[in-house]
Amino acid sequence: MSEIIGIWIGAFFTIGIYSFLYKENPLYRLSEHLVVGISTGFTIAITYSQVLKPKLIEPIATGEQGAWLLLIPAILGILYITRFFPSVAWLSRYPMAFLMGAGMGIGFPLSMKAQVLRQLEASLIPLYEAGMSWEIVLGNVVMVLGTLAALIYFFFSKPHKGPFFGTGSKIGIWVIMVGFGATFGFTVMGRISLLIGRIQFLLGDWLHIIK
């Protein structure tokens, strides 16, 4: 019985969200608010049960060695709440500054490695080696020259004129547009797969029209 009720609730709110395709309506707003509210509540519960309780409350309560150091991030976290009180709202700048500084310090090297160095390493490939098939050689040439052309397009210290900068920047535009198109197509494909899943749920689990 509970499974049937869950299916009907899921179908009701699925239709409620998709009703926005017609126009905004109270059913859509109800579904939207419930999604946001339930997601927020779920996030708070998970944060407490998997982060605050095992990594802050329990170590301090049991008196683990060095647990007093956990009071530092706890106090910084509590300072976020001061944002709601205008007289002491300036205190919330300290945890924000710490979070942004730590995030930059940790995230910048990782981003540099993943988005720059790894990409650079992947483009440093041989154009031809003995035993390579012509498809691999063609693919390597296209990737290397396409990468260089895209970089030329973003090189603004020289005017995009002449056989090198002019032609290279024009080819770079085509390469960039192909990349954007592939990314957009991949995104649409992912959204379509979600839509198919919801349609299968409505026609299969709910209405039993398909199996």
# chains A, B, ... in the order shown; residues from 1 in each chain; ligands from 1
call {"tool": "residues_around", "arguments": {"residues": "Ala150 of chain A", "least_positions_apart": "5", "cutoff": "8 Å", "atoms": "only C-alpha atoms", "output": "PDB file with C-alpha atoms, in the first residue's frame"}}
result
ATOM      1  CA  GLY A 168      44.076  30.604 -37.350  1.00  0.00           C
ATOM      2  CA  SER A 169      41.497  32.710 -35.499  1.00  0.00           C
ATOM      3  CA  ILE A 171      39.512  28.173 -37.714  1.00  0.00           C
ATOM      4  CA  GLY A 172      39.574  28.656 -33.947  1.00  0.00           C
ATOM      5  CA  ILE A 173      36.027  30.076 -34.046  1.00  0.00           C
ATOM      6  CA  VAL A 175      36.604  24.708 -33.370  1.00  0.00           C
ATOM      7  CA  ILE A 176      35.102  26.572 -30.414  1.00  0.00           C
TER       8      ILE A 176
END
call {"tool": "closest_atom_pairs", "arguments": {"of": "segment 48-92 of chain A", "to": "segment 96-103 of chain A", "cutoff": "9 Å", "atoms": "only C-alpha atoms", "output": "CSV"}}
result
residue,atom,partner,partner_atom,distance
A:Leu76,CA,A:Phe98,CA,8.6
A:Tyr80,CA,A:Met96,CA,7.9
A:Ser92,CA,A:Met96,CA,6.4
call {"tool": "atom_distance", "arguments": {"atom1": "atom CA of Lys55 of chain A", "atom2": "atom CA of Leu70 of chain A"}}
result
8.4 Å
call {"tool": "select_by_dssp", "arguments": {"residues": "segment 6-211 of chain A", "states": "alpha helix (DSSP H)", "output": "compact mmCIF listing (two decimals) with N, CA and C atoms, in the first residue's frame"}}
result
# COMPACT_ATOMS: atom_id res chain seq x y z
N GLY A 6 3.23 6.06 -2.69
CA GLY A 6 4.43 6.75 -3.15
C GLY A 6 4.42 6.98 -4.65
N ILE A 7 3.94 6.00 -5.41
CA ILE A 7 3.86 6.15 -6.87
C ILE A 7 2.89 7.26 -7.24
N TRP A 8 1.74 7.31 -6.57
CA TRP A 8 0.76 8.35 -6.87
C TRP A 8 1.27 9.73 -6.50
N ILE A 9 1.97 9.82 -5.38
CA ILE A 9 2.55 11.11 -5.00
C ILE A 9 3.60 11.54 -6.01
N GLY A 10 4.47 10.59 -6.41
CA GLY A 10 5.49 10.91 -7.41
C GLY A 10 4.88 11.34 -8.73
N ALA A 11 3.82 10.66 -9.16
CA ALA A 11 3.16 11.03 -10.41
C ALA A 11 2.51 12.39 -10.31
N PHE A 12 1.89 12.68 -9.15
CA PHE A 12 1.22 13.97 -8.96
C PHE A 12 2.21 15.12 -9.08
N PHE A 13 3.34 15.00 -8.41
CA PHE A 13 4.30 16.10 -8.43
C PHE A 13 5.09 16.14 -9.73
N THR A 14 5.25 15.02 -10.39
CA THR A 14 5.88 15.04 -11.72
C THR A 14 5.02 15.83 -12.69
N ILE A 15 3.71 15.55 -12.69
CA ILE A 15 2.79 16.30 -13.54
C ILE A 15 2.76 17.76 -13.11
N GLY A 16 2.85 18.00 -11.81
CA GLY A 16 2.86 19.38 -11.32
C GLY A 16 4.03 20.18 -11.85
N ILE A 17 5.21 19.58 -11.87
CA ILE A 17 6.39 20.27 -12.40
C ILE A 17 6.25 20.48 -13.90
N TYR A 18 5.80 19.46 -14.63
CA TYR A 18 5.69 19.58 -16.08
C TYR A 18 4.53 20.49 -16.49
N PRO A 26 -0.64 27.35 -9.68
CA PRO A 26 -0.47 26.99 -8.26
C PRO A 26 0.09 25.59 -8.05
N LEU A 27 -0.27 24.63 -8.91
CA LEU A 27 0.24 23.27 -8.76
C LEU A 27 1.75 23.23 -8.97
N TYR A 28 2.23 23.99 -9.95
CA TYR A 28 3.67 24.04 -10.19
C TYR A 28 4.38 24.70 -9.02
N ARG A 29 3.83 25.80 -8.50
CA ARG A 29 4.47 26.49 -7.38
C ARG A 29 4.51 25.60 -6.13
N LEU A 30 3.43 24.85 -5.90
CA LEU A 30 3.41 23.92 -4.77
C LEU A 30 4.51 22.87 -4.94
N SER A 31 4.62 22.29 -6.13
CA SER A 31 5.63 21.27 -6.37
C SER A 31 7.04 21.85 -6.24
N GLU A 32 7.25 23.04 -6.77
CA GLU A 32 8.56 23.68 -6.70
C GLU A 32 8.95 23.96 -5.26
N HIS A 33 8.04 24.49 -4.47
CA HIS A 33 8.34 24.81 -3.08
C HIS A 33 8.60 23.55 -2.27
N LEU A 34 7.87 22.48 -2.55
CA LEU A 34 8.11 21.23 -1.84
C LEU A 34 9.47 20.64 -2.18
N VAL A 35 9.85 20.74 -3.45
CA VAL A 35 11.17 20.23 -3.85
C VAL A 35 12.27 20.98 -3.12
N VAL A 36 12.18 22.32 -3.10
CA VAL A 36 13.20 23.12 -2.43
C VAL A 36 13.19 22.84 -0.92
N GLY A 37 12.00 22.81 -0.31
CA GLY A 37 11.92 22.59 1.12
C GLY A 37 12.41 21.21 1.54
N ILE A 38 11.97 20.18 0.83
CA ILE A 38 12.40 18.82 1.17
C ILE A 38 13.90 18.66 0.95
N SER A 39 14.42 19.23 -0.14
CA SER A 39 15.87 19.14 -0.40
C SER A 39 16.66 19.82 0.71
N THR A 40 16.18 20.98 1.16
CA THR A 40 16.87 21.70 2.23
C THR A 40 16.83 20.90 3.53
N GLY A 41 15.66 20.38 3.86
CA GLY A 41 15.54 19.58 5.07
C GLY A 41 16.40 18.33 5.02
N PHE A 42 16.42 17.68 3.88
CA PHE A 42 17.24 16.48 3.73
C PHE A 42 18.72 16.81 3.88
N THR A 43 19.13 17.94 3.29
CA THR A 43 20.53 18.35 3.39
C THR A 43 20.92 18.65 4.83
N ILE A 44 20.03 19.32 5.57
CA ILE A 44 20.31 19.62 6.97
C ILE A 44 20.44 18.34 7.78
N ALA A 45 19.52 17.39 7.55
CA ALA A 45 19.57 16.13 8.29
C ALA A 45 20.84 15.34 7.98
N ILE A 46 21.23 15.29 6.71
CA ILE A 46 22.44 14.57 6.34
C ILE A 46 23.67 15.26 6.92
N THR A 47 23.68 16.60 6.88
CA THR A 47 24.82 17.34 7.43
C THR A 47 24.98 17.07 8.92
N GLU A 58 30.32 14.33 18.90
CA GLU A 58 30.80 13.13 19.59
C GLU A 58 32.25 13.24 20.04
N PRO A 59 33.19 13.74 19.23
CA PRO A 59 34.56 13.88 19.72
C PRO A 59 34.67 14.80 20.93
N ILE A 60 33.93 15.91 20.92
CA ILE A 60 33.97 16.83 22.07
C ILE A 60 33.31 16.19 23.29
N ALA A 61 32.18 15.51 23.07
CA ALA A 61 31.46 14.90 24.20
C ALA A 61 32.26 13.78 24.85
N THR A 62 33.00 13.01 24.05
CA THR A 62 33.78 11.89 24.60
C THR A 62 35.17 12.32 25.06
N LEU A 71 36.59 23.24 18.16
CA LEU A 71 35.81 24.41 18.52
C LEU A 71 36.07 25.58 17.57
N ILE A 72 37.24 25.60 16.95
CA ILE A 72 37.57 26.70 16.03
C ILE A 72 36.64 26.69 14.82
N PRO A 73 36.53 25.57 14.06
CA PRO A 73 35.56 25.58 12.95
C PRO A 73 34.12 25.70 13.43
N ALA A 74 33.83 25.18 14.65
CA ALA A 74 32.47 25.31 15.17
C ALA A 74 32.11 26.77 15.38
N ILE A 75 33.03 27.53 15.97
CA ILE A 75 32.78 28.96 16.20
C ILE A 75 32.66 29.71 14.87
N LEU A 76 33.51 29.37 13.91
CA LEU A 76 33.40 30.01 12.60
C LEU A 76 32.06 29.71 11.95
N GLY A 77 31.59 28.48 12.12
CA GLY A 77 30.28 28.14 11.56
C GLY A 77 29.16 28.90 12.23
N ILE A 78 29.24 29.05 13.56
CA ILE A 78 28.20 29.79 14.29
C ILE A 78 28.19 31.26 13.88
N LEU A 79 29.36 31.79 13.53
CA LEU A 79 29.43 33.20 13.13
C LEU A 79 28.62 33.49 11.86
N ARG A 93 31.79 38.04 8.15
CA ARG A 93 32.85 38.18 7.15
C ARG A 93 34.02 37.25 7.43
N TYR A 94 34.26 36.95 8.70
CA TYR A 94 35.41 36.11 9.04
C TYR A 94 35.27 34.67 8.52
N PRO A 95 34.15 33.99 8.77
CA PRO A 95 34.04 32.64 8.19
C PRO A 95 33.98 32.66 6.67
N MET A 96 33.35 33.70 6.10
CA MET A 96 33.30 33.80 4.64
C MET A 96 34.69 33.96 4.06
N ALA A 97 35.50 34.84 4.70
CA ALA A 97 36.86 35.06 4.21
C ALA A 97 37.70 33.79 4.36
N PHE A 98 37.53 33.11 5.49
CA PHE A 98 38.28 31.85 5.70
C PHE A 98 37.87 30.81 4.67
N LEU A 99 36.56 30.69 4.41
CA LEU A 99 36.07 29.70 3.45
C LEU A 99 36.58 30.00 2.05
N MET A 100 36.52 31.28 1.65
CA MET A 100 36.97 31.65 0.31
C MET A 100 38.48 31.48 0.18
N GLY A 101 39.23 31.86 1.22
CA GLY A 101 40.68 31.70 1.15
C GLY A 101 41.10 30.25 1.10
N ALA A 102 40.49 29.42 1.97
CA ALA A 102 40.82 28.00 1.96
C ALA A 102 40.37 27.35 0.66
N GLY A 103 39.19 27.77 0.17
CA GLY A 103 38.70 27.21 -1.09
C GLY A 103 39.62 27.52 -2.25
N MET A 104 40.11 28.77 -2.30
CA MET A 104 41.04 29.15 -3.36
C MET A 104 42.36 28.40 -3.22
N GLY A 105 42.85 28.31 -1.99
CA GLY A 105 44.13 27.62 -1.78
C GLY A 105 44.08 26.15 -2.15
N ILE A 106 42.94 25.51 -1.85
CA ILE A 106 42.81 24.09 -2.17
C ILE A 106 42.36 23.89 -3.61
N GLY A 107 41.42 24.72 -4.05
CA GLY A 107 40.82 24.49 -5.36
C GLY A 107 41.69 24.92 -6.53
N PHE A 108 42.48 25.99 -6.35
CA PHE A 108 43.27 26.49 -7.48
C PHE A 108 44.29 25.46 -7.98
N PRO A 109 45.10 24.83 -7.11
CA PRO A 109 46.03 23.82 -7.64
C PRO A 109 45.32 22.65 -8.30
N LEU A 110 44.18 22.23 -7.72
CA LEU A 110 43.44 21.11 -8.32
C LEU A 110 42.87 21.51 -9.67
N SER A 111 42.30 22.71 -9.75
CA SER A 111 41.75 23.17 -11.02
C SER A 111 42.85 23.36 -12.05
N MET A 112 43.99 23.91 -11.61
CA MET A 112 45.12 24.10 -12.52
C MET A 112 45.59 22.77 -13.08
N ARG A 118 46.57 18.87 -17.26
CA ARG A 118 46.12 17.63 -17.87
C ARG A 118 45.69 17.84 -19.31
N GLN A 119 45.05 18.99 -19.58
CA GLN A 119 44.65 19.29 -20.96
C GLN A 119 45.89 19.51 -21.84
N LEU A 120 46.89 20.19 -21.27
CA LEU A 120 48.12 20.42 -22.01
C LEU A 120 48.84 19.11 -22.28
N GLU A 121 48.86 18.24 -21.27
CA GLU A 121 49.50 16.94 -21.45
C GLU A 121 48.79 16.11 -22.51
N ALA A 122 47.45 16.19 -22.53
CA ALA A 122 46.69 15.41 -23.50
C ALA A 122 46.90 15.89 -24.93
N SER A 123 47.26 17.18 -25.10
CA SER A 123 47.48 17.71 -26.45
C SER A 123 48.90 17.49 -26.94
N TRP A 134 45.76 5.59 -40.40
CA TRP A 134 45.52 6.94 -40.89
C TRP A 134 44.42 7.64 -40.09
N GLU A 135 43.47 6.86 -39.51
CA GLU A 135 42.42 7.50 -38.71
C GLU A 135 43.01 8.13 -37.46
N ILE A 136 43.95 7.43 -36.81
CA ILE A 136 44.58 7.98 -35.60
C ILE A 136 45.42 9.19 -35.94
N VAL A 137 46.17 9.11 -37.04
CA VAL A 137 47.01 10.24 -37.46
C VAL A 137 46.13 11.46 -37.75
N LEU A 138 45.04 11.25 -38.48
CA LEU A 138 44.14 12.36 -38.80
C LEU A 138 43.54 12.95 -37.54
N GLY A 139 43.13 12.10 -36.60
CA GLY A 139 42.56 12.59 -35.36
C GLY A 139 43.56 13.39 -34.54
N ASN A 140 44.81 12.93 -34.49
CA ASN A 140 45.85 13.67 -33.75
C ASN A 140 46.12 15.02 -34.38
N VAL A 141 46.19 15.05 -35.71
CA VAL A 141 46.45 16.32 -36.41
C VAL A 141 45.31 17.30 -36.17
N VAL A 142 44.08 16.83 -36.27
CA VAL A 142 42.92 17.71 -36.07
C VAL A 142 42.90 18.24 -34.64
N MET A 143 43.20 17.38 -33.65
CA MET A 143 43.15 17.82 -32.27
C MET A 143 44.24 18.85 -31.97
N VAL A 144 45.46 18.60 -32.43
CA VAL A 144 46.56 19.52 -32.16
C VAL A 144 46.34 20.85 -32.86
N LEU A 145 46.03 20.80 -34.16
CA LEU A 145 45.83 22.04 -34.91
C LEU A 145 44.59 22.77 -34.42
N GLY A 146 43.53 22.04 -34.07
CA GLY A 146 42.33 22.68 -33.54
C GLY A 146 42.60 23.37 -32.21
N THR A 147 43.40 22.75 -31.35
CA THR A 147 43.76 23.37 -30.06
C THR A 147 44.56 24.64 -30.30
N LEU A 148 45.54 24.59 -31.20
CA LEU A 148 46.33 25.78 -31.50
C LEU A 148 45.47 26.89 -32.09
N ALA A 149 44.53 26.52 -32.98
CA ALA A 149 43.66 27.53 -33.59
C ALA A 149 42.78 28.19 -32.54
N ALA A 150 42.26 27.42 -31.61
CA ALA A 150 41.43 27.99 -30.54
C ALA A 150 42.25 28.93 -29.66
N LEU A 151 43.49 28.56 -29.37
CA LEU A 151 44.36 29.44 -28.58
C LEU A 151 44.69 30.72 -29.34
N ILE A 152 44.88 30.62 -30.65
CA ILE A 152 45.15 31.81 -31.45
C ILE A 152 43.98 32.78 -31.39
N TYR A 153 42.75 32.25 -31.38
CA TYR A 153 41.57 33.12 -31.32
C TYR A 153 41.57 33.96 -30.05
N THR A 167 43.81 33.48 -40.40
CA THR A 167 43.26 32.16 -40.71
C THR A 167 43.11 31.31 -39.45
N GLY A 168 44.13 31.40 -38.58
CA GLY A 168 44.08 30.60 -37.35
C GLY A 168 42.90 30.97 -36.47
N SER A 169 42.61 32.29 -36.34
CA SER A 169 41.50 32.71 -35.50
C SER A 169 40.16 32.30 -36.09
N LYS A 170 40.05 32.32 -37.42
CA LYS A 170 38.80 31.88 -38.06
C LYS A 170 38.57 30.39 -37.84
N ILE A 171 39.64 29.62 -37.99
CA ILE A 171 39.51 28.17 -37.71
C ILE A 171 39.21 27.95 -36.24
N GLY A 172 39.83 28.78 -35.38
CA GLY A 172 39.57 28.66 -33.95
C GLY A 172 38.11 28.88 -33.60
N ILE A 173 37.46 29.84 -34.29
CA ILE A 173 36.03 30.08 -34.05
C ILE A 173 35.23 28.82 -34.36
N TRP A 174 35.54 28.17 -35.49
CA TRP A 174 34.83 26.95 -35.85
C TRP A 174 35.06 25.85 -34.82
N VAL A 175 36.30 25.73 -34.37
CA VAL A 175 36.60 24.71 -33.37
C VAL A 175 35.84 24.96 -32.08
N ILE A 176 35.82 26.23 -31.65
CA ILE A 176 35.10 26.57 -30.41
C ILE A 176 33.61 26.31 -30.56
N MET A 177 33.04 26.66 -31.71
CA MET A 177 31.62 26.44 -31.92
C MET A 177 31.29 24.94 -31.94
N VAL A 178 32.16 24.15 -32.53
CA VAL A 178 31.95 22.70 -32.52
C VAL A 178 32.00 22.17 -31.08
N GLY A 179 32.94 22.69 -30.30
CA GLY A 179 33.02 22.27 -28.90
C GLY A 179 31.79 22.66 -28.11
N PHE A 180 31.32 23.91 -28.30
CA PHE A 180 30.11 24.36 -27.61
C PHE A 180 28.90 23.53 -28.05
N GLY A 181 28.83 23.24 -29.34
CA GLY A 181 27.71 22.45 -29.85
C GLY A 181 27.70 21.05 -29.26
N ALA A 182 28.89 20.43 -29.18
CA ALA A 182 28.97 19.09 -28.60
C ALA A 182 28.58 19.11 -27.13
N THR A 183 29.04 20.14 -26.40
CA THR A 183 28.69 20.25 -24.98
C THR A 183 27.19 20.45 -24.81
N PHE A 184 26.61 21.32 -25.64
CA PHE A 184 25.17 21.56 -25.55
C PHE A 184 24.39 20.30 -25.91
N GLY A 185 24.84 19.60 -26.95
CA GLY A 185 24.17 18.36 -27.34
C GLY A 185 24.23 17.31 -26.24
N PHE A 186 25.38 17.22 -25.58
CA PHE A 186 25.52 16.26 -24.48
C PHE A 186 24.60 16.63 -23.32
N THR A 187 24.48 17.94 -23.05
CA THR A 187 23.58 18.40 -21.98
C THR A 187 22.13 18.08 -22.31
N VAL A 188 21.72 18.36 -23.55
CA VAL A 188 20.35 18.06 -23.97
C VAL A 188 20.10 16.56 -23.90
N MET A 189 21.07 15.77 -24.30
CA MET A 189 20.91 14.32 -24.26
C MET A 189 20.68 13.84 -22.83
N GLY A 190 21.42 14.44 -21.87
CA GLY A 190 21.21 14.07 -20.48
C GLY A 190 19.82 14.46 -20.00
N ARG A 191 19.34 15.65 -20.39
CA ARG A 191 18.00 16.08 -19.98
C ARG A 191 16.93 15.20 -20.63
N ILE A 192 17.15 14.81 -21.87
CA ILE A 192 16.18 13.95 -22.55
C ILE A 192 16.11 12.59 -21.87
N SER A 193 17.26 12.08 -21.41
CA SER A 193 17.26 10.80 -20.71
C SER A 193 16.45 10.89 -19.41
N LEU A 194 16.54 12.05 -18.71
CA LEU A 194 15.72 12.25 -17.52
C LEU A 194 14.24 12.29 -17.88
N LEU A 195 13.91 12.97 -18.98
CA LEU A 195 12.52 13.03 -19.43
C LEU A 195 11.99 11.65 -19.77
N ILE A 196 12.80 10.86 -20.45
CA ILE A 196 12.39 9.50 -20.80
C ILE A 196 12.12 8.69 -19.53
N GLY A 197 12.98 8.86 -18.53
CA GLY A 197 12.79 8.14 -17.28
C GLY A 197 11.48 8.52 -16.61
N ARG A 198 11.14 9.82 -16.63
CA ARG A 198 9.88 10.25 -16.02
C ARG A 198 8.68 9.73 -16.81
N ILE A 199 8.78 9.73 -18.14
CA ILE A 199 7.68 9.22 -18.96
C ILE A 199 7.49 7.73 -18.72
N GLN A 200 8.59 6.99 -18.63
CA GLN A 200 8.48 5.57 -18.32
C GLN A 200 7.85 5.35 -16.96
call {"tool": "atom_distance", "arguments": {"atom1": "atom CA of Gly162 of chain A", "atom2": "atom CA of Leu124 of chain A"}}
result
26.3 Å
call {"tool": "closest_residue", "arguments": {"among": "A:Ala89, A:Leu52, A:Ile5, A:Ile81", "to": "Trp206 of chain A", "atoms": "only C-alpha atoms"}}
result
A:Ile5
call {"tool": "atom_distance", "arguments": {"atom1": "atom CA of His208 of chain A", "atom2": "atom CA of Ile4 of chain A"}}
result
12.3 Å
